[in-house]
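Q: Questions regarding the structure given below will be posed in turn.
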Amino acid sequence: MMPVSSIPVFDGHNDVLARMYRPGQADAVGGFLAGEDGGHIDLPRARAGGLAGGLCAIYVSSPTMRPDENGDFVAPAQPDALNDTMAMARLLFDLEARSNGAVKVCRSAGEIRRSMDAGAFAAILHIEGIEAVRADLDALYVLHQAGLRSLGPVWSRPNIFAHGVPFRFPASPDIGPGLTEAGKDLIRACNGLKILIDLSHMNEKGFWDIAALSDAPLVASHSNAHTLCPHSRNLTDRQLDAIRDTGGLVGINFGVLFLREDGVKNPQTPIERIVDHVVYIADRIGIDHVGLGSDFDGTTVPDDLKDASGLPRLIAALEARGFDADAIASVAHRNWLSVLERTLGS
Ligand SMILES: [Zn+2]
């Protein structure tokens with residue numbers, strides 16, 4: 001067993017592509033590869049912190065929501081969503097192409113393992129909210145051919161497939177209706193294509209619709225325990241139990257507003273609050289169902305963690321709480337690799 005300090009992290013969610021896509025950057029790809037001041041992840045800081053890879057999300061920002069004649073907020077058309085999605089996917093492929101082998105876009109669990117062994121950053125292309133895809137799913141099939149291996153049908157807003165859970169505190173995740181008919185077709189298509197379905201940002205009715213329909217393990221890539229932090233984005237004990245029953249996984253989100261009992265966005269939050277959620281979920285459903293889902297570059301994380309280079313401080317905090325090397329390896333990367341292997345194939 002390797003020493004605890006050198007256990008690599010494979011992480012379930014980052015928003016580095018969305019950060020790189022924000023306007024005003026002359027060479028975001030070069031900045032990622034060489035290192036930069038802002039944000040949470042670049043290649044030098046990933047290496048310094050033992051971040052060996054993860055799910056890299058494409059996120060299309062929200063249009064202004066307007067109520068319809070019944071006062072319901074409906075999904076507006078997002079004509080630029082497909083082009084924005086293409087642009088962020090291209091950023092990842094450019095990263096791979098310009099990295100001299102230091103970044104690899106992976107399409108299977110075996111590719112992730114080989115990339116991690118070779119010291120390359122193993123990226124899985126993920127989409128968080130698929131406004132780019134119409135009900136005919138044409139773009140889904142093409143994106144899969146291009147390398148897409150994971151998607152959340154919704155971000156925290158409605159679209160033609162499902163209803164995302166809005167950010168509320170304190171609040172139950174049971175807000176809004178379940179999957180649409182197009183959403184059910186989408187789930188069947190993802191099962192057929194072996195695309196991971198991410199339940200983070202799904203409202204509770206949608207969660208249960210997917211639990212009933214999908215034949216894949218249930219995965220929430222970046223969500224926490226609702227009992228410890230009653231945010232609408234977190235998972236109830238019943239949801240946690242359903243994830244366990246399918247051999248699924250919860251990736252623990254480092255965002256302070258999803259960690260804290262008071263739901264306050266306070267960066268002066270100890271790293272130990274991340275460990276609290278690992279402990280709670282491991283105690284409830286077993287350590288094989290807990291991973292990490294940092295939300296780096298997408299949320300406010302504890303100042304003590306700072307960015308990807310701070311991951312060894314989280315590993316040390318897990319060790320201080322009594323996790324041995326085997327348990328830490330499970331949480332840090334092994335459980336993610338296992339669920340990806342069973343979903344994407346080896
Ligand atoms: Zn998210």
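Quick note on naming: the chains in the structure tokens go A, B, ... in the order shown, residues restart at 1 in each chain, and ligands are numbered from 1 in order of appearance.
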May I have a table of the residues of chain A lying at most 7 Å from ligand 1, giving each one's closest pair of atoms and their distance in Å to one decimal, counting only C-alpha atoms and all ligand atoms, ordered by chain and ascending residue number, as CSV?
A:
```
residue,atom,partner,partner_atom_place_in_ligand_line,distance
A:Glu128,CA,ligand 1,1 (Zn),6.8
A:Trp155,CA,ligand 1,1 (Zn),6.6
A:Ser200,CA,ligand 1,1 (Zn),6.8
A:His201,CA,ligand 1,1 (Zn),6.5
A:His222,CA,ligand 1,1 (Zn),6.7
A:Asp295,CA,ligand 1,1 (Zn),6.6
```
Q: List every residue of range 27-232 of chain A that DSSP, applied to the backbone of this structure, places in strand (DSSP E or B), and write the result as JSON, numbers by chain.
A: {"A": [51, 52, 53, 54, 55, 56, 57, 58, 67, 73, 103, 104, 105, 121, 122, 123, 124, 125, 126, 127, 128, 148, 149, 150, 151, 152, 158, 163, 164, 196, 197, 198, 202, 219, 220, 225]}
Q: Show me, as a Markdown table, the residues of range 189-259 of chain A having an atom within 8 Å of range 156-177 of chain A, each with the closest atom pair and its distance in Å, using only C-alpha atoms.
A:
```
| residue | atom | partner | partner_atom | distance |
| --- | --- | --- | --- | --- |
| A:His201 | CA | A:Ser156 | CA | 5.2 |
| A:Met202 | CA | A:Gly164 | CA | 4.6 |
| A:Asn203 | CA | A:Val165 | CA | 4.3 |
| A:Glu204 | CA | A:Asp174 | CA | 4.6 |
| A:Lys205 | CA | A:Pro177 | CA | 6.0 |
| A:Gly206 | CA | A:Ala162 | CA | 6.6 |
| A:Pro230 | CA | A:Pro170 | CA | 5.1 |
| A:His231 | CA | A:Phe169 | CA | 4.8 |
| A:Ser232 | CA | A:Pro173 | CA | 4.4 |
| A:Arg233 | CA | A:Pro173 | CA | 6.4 |
| A:Asn234 | CA | A:Pro173 | CA | 7.2 |
| A:Leu235 | CA | A:Pro173 | CA | 7.6 |
```
Q: Can you pull out the residues contacting range 299-316 of chain A? Cut-off 7 Å, using only C-alpha atoms, and skip same-chain residues under 3 positions away; I want them as a list in words.
A: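 Residues near the query, excluding close chain neighbours: Ser5, His40, Ile41, Arg45, Ala46, Ala48, Gly49, Leu51, Phe254, Gly255, Val256, Pro267, Gln268, Thr269, Pro270, Ile271, Asp295, Phe296, Glu319 and Ala320 of chain A.
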Q: Store the residues of this selection in a file with N, CA and C atoms, as a PDB file, in the first residue's frame.
A:
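For reference, part_5.pdb as written:
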```
ATOM      1  N   SER A   5       0.407  10.025   1.818  1.00  0.00           N
ATOM      2  CA  SER A   5       0.672  11.338   1.206  1.00  0.00           C
ATOM      3  C   SER A   5       0.780  11.278  -0.311  1.00  0.00           C
ATOM      4  N   HIS A  40      -8.980  27.465  -9.422  1.00  0.00           N
ATOM      5  CA  HIS A  40      -8.592  26.366  -8.524  1.00  0.00           C
ATOM      6  C   HIS A  40      -7.709  25.312  -9.190  1.00  0.00           C
ATOM      7  N   ILE A  41      -7.823  25.158 -10.510  1.00  0.00           N
ATOM      8  CA  ILE A  41      -7.086  24.070 -11.173  1.00  0.00           C
ATOM      9  C   ILE A  41      -6.293  24.599 -12.353  1.00  0.00           C
ATOM     10  N   ARG A  45      -0.675  23.068 -10.492  1.00  0.00           N
ATOM     11  CA  ARG A  45      -1.312  22.896  -9.179  1.00  0.00           C
ATOM     12  C   ARG A  45      -1.956  21.519  -9.047  1.00  0.00           C
ATOM     13  N   ALA A  46      -2.473  20.959 -10.160  1.00  0.00           N
ATOM     14  CA  ALA A  46      -2.999  19.595 -10.105  1.00  0.00           C
ATOM     15  C   ALA A  46      -1.880  18.631  -9.719  1.00  0.00           C
ATOM     16  N   ALA A  48       0.932  19.347  -8.149  1.00  0.00           N
ATOM     17  CA  ALA A  48       1.394  19.612  -6.777  1.00  0.00           C
ATOM     18  C   ALA A  48       0.466  18.972  -5.748  1.00  0.00           C
ATOM     19  N   GLY A  49      -0.841  18.930  -6.066  1.00  0.00           N
ATOM     20  CA  GLY A  49      -1.806  18.417  -5.103  1.00  0.00           C
ATOM     21  C   GLY A  49      -2.154  16.957  -5.273  1.00  0.00           C
ATOM     22  N   LEU A  51      -3.767  15.786  -7.862  1.00  0.00           N
ATOM     23  CA  LEU A  51      -5.026  15.661  -8.615  1.00  0.00           C
ATOM     24  C   LEU A  51      -4.709  15.000  -9.958  1.00  0.00           C
ATOM     25  N   PHE A 254     -16.860  20.323  -2.232  1.00  0.00           N
ATOM     26  CA  PHE A 254     -16.085  21.145  -1.289  1.00  0.00           C
ATOM     27  C   PHE A 254     -16.703  22.535  -1.096  1.00  0.00           C
ATOM     28  N   GLY A 255     -17.771  22.846  -1.782  1.00  0.00           N
ATOM     29  CA  GLY A 255     -18.391  24.169  -1.680  1.00  0.00           C
ATOM     30  C   GLY A 255     -18.904  24.420  -0.265  1.00  0.00           C
ATOM     31  N   VAL A 256     -18.487  25.551   0.322  1.00  0.00           N
ATOM     32  CA  VAL A 256     -18.819  25.787   1.733  1.00  0.00           C
ATOM     33  C   VAL A 256     -20.328  25.871   1.960  1.00  0.00           C
ATOM     34  N   PRO A 267     -15.945  31.357   3.387  1.00  0.00           N
ATOM     35  CA  PRO A 267     -14.730  30.589   3.077  1.00  0.00           C
ATOM     36  C   PRO A 267     -13.899  30.223   4.304  1.00  0.00           C
ATOM     37  N   GLN A 268     -14.197  30.871   5.437  1.00  0.00           N
ATOM     38  CA  GLN A 268     -13.508  30.499   6.683  1.00  0.00           C
ATOM     39  C   GLN A 268     -14.169  29.246   7.269  1.00  0.00           C
ATOM     40  N   THR A 269     -14.217  28.218   6.485  1.00  0.00           N
ATOM     41  CA  THR A 269     -14.831  26.953   6.895  1.00  0.00           C
ATOM     42  C   THR A 269     -13.726  25.905   6.946  1.00  0.00           C
ATOM     43  N   PRO A 270     -13.571  25.205   8.063  1.00  0.00           N
ATOM     44  CA  PRO A 270     -12.466  24.237   8.165  1.00  0.00           C
ATOM     45  C   PRO A 270     -12.620  23.074   7.172  1.00  0.00           C
ATOM     46  N   ILE A 271     -11.482  22.545   6.720  1.00  0.00           N
ATOM     47  CA  ILE A 271     -11.467  21.357   5.858  1.00  0.00           C
ATOM     48  C   ILE A 271     -12.198  20.187   6.527  1.00  0.00           C
ATOM     49  N   ASP A 295     -15.979  20.350  -7.150  1.00  0.00           N
ATOM     50  CA  ASP A 295     -16.602  21.576  -7.676  1.00  0.00           C
ATOM     51  C   ASP A 295     -15.567  22.694  -7.824  1.00  0.00           C
ATOM     52  N   PHE A 296     -14.282  22.337  -7.929  1.00  0.00           N
ATOM     53  CA  PHE A 296     -13.236  23.331  -8.163  1.00  0.00           C
ATOM     54  C   PHE A 296     -13.580  24.185  -9.387  1.00  0.00           C
ATOM     55  N   GLU A 319      -6.924  11.238   7.256  1.00  0.00           N
ATOM     56  CA  GLU A 319      -6.079  10.353   8.062  1.00  0.00           C
ATOM     57  C   GLU A 319      -6.231  10.691   9.549  1.00  0.00           C
ATOM     58  N   ALA A 320      -6.280  11.988   9.835  1.00  0.00           N
ATOM     59  CA  ALA A 320      -6.410  12.410  11.242  1.00  0.00           C
ATOM     60  C   ALA A 320      -7.733  11.944  11.841  1.00  0.00           C
TER      61      ALA A 320
END
```
Q: Using only C-alpha atoms, which residues sit within 12 Å of Val290 in chain A once same-chain residues fewer than 2 positions away are excluded, as a ChimeraX atom specification?
A: /A:11-12,219-225,240,243-244,247-253,274-275,277-288,292-293,327-339
Q: What does the distance between CA of Leu196 in chain A and CA of Thr343 in chain A come to in Å, to one decimal place?
A: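 We find that CA of Leu196 in chain A and CA of Thr343 in chain A lie 6.1 Å from each other.
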Q: Quick one, how far is CA of Lys184 in chain A from CA of Ile127 in chain A?
A: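 We find that CA of Lys184 in chain A and CA of Ile127 in chain A lie 17.6 Å from each other.
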Q: What is the CA of Ile197 in chain A-CA of Ala216 in chain A distance in Å, reported with one decimal?
A: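 Here the two named atoms are 8.1 Å from each other.
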Q: Calculated over only C-alpha atoms, which of the candidates A:Leu95, A:Tyr141, A:Ala52, A:Asn100 has the smallest distance to Asp117 in chain A?
A: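 With only C-alpha atoms as the atom set, the closest residue is A:Ala52.
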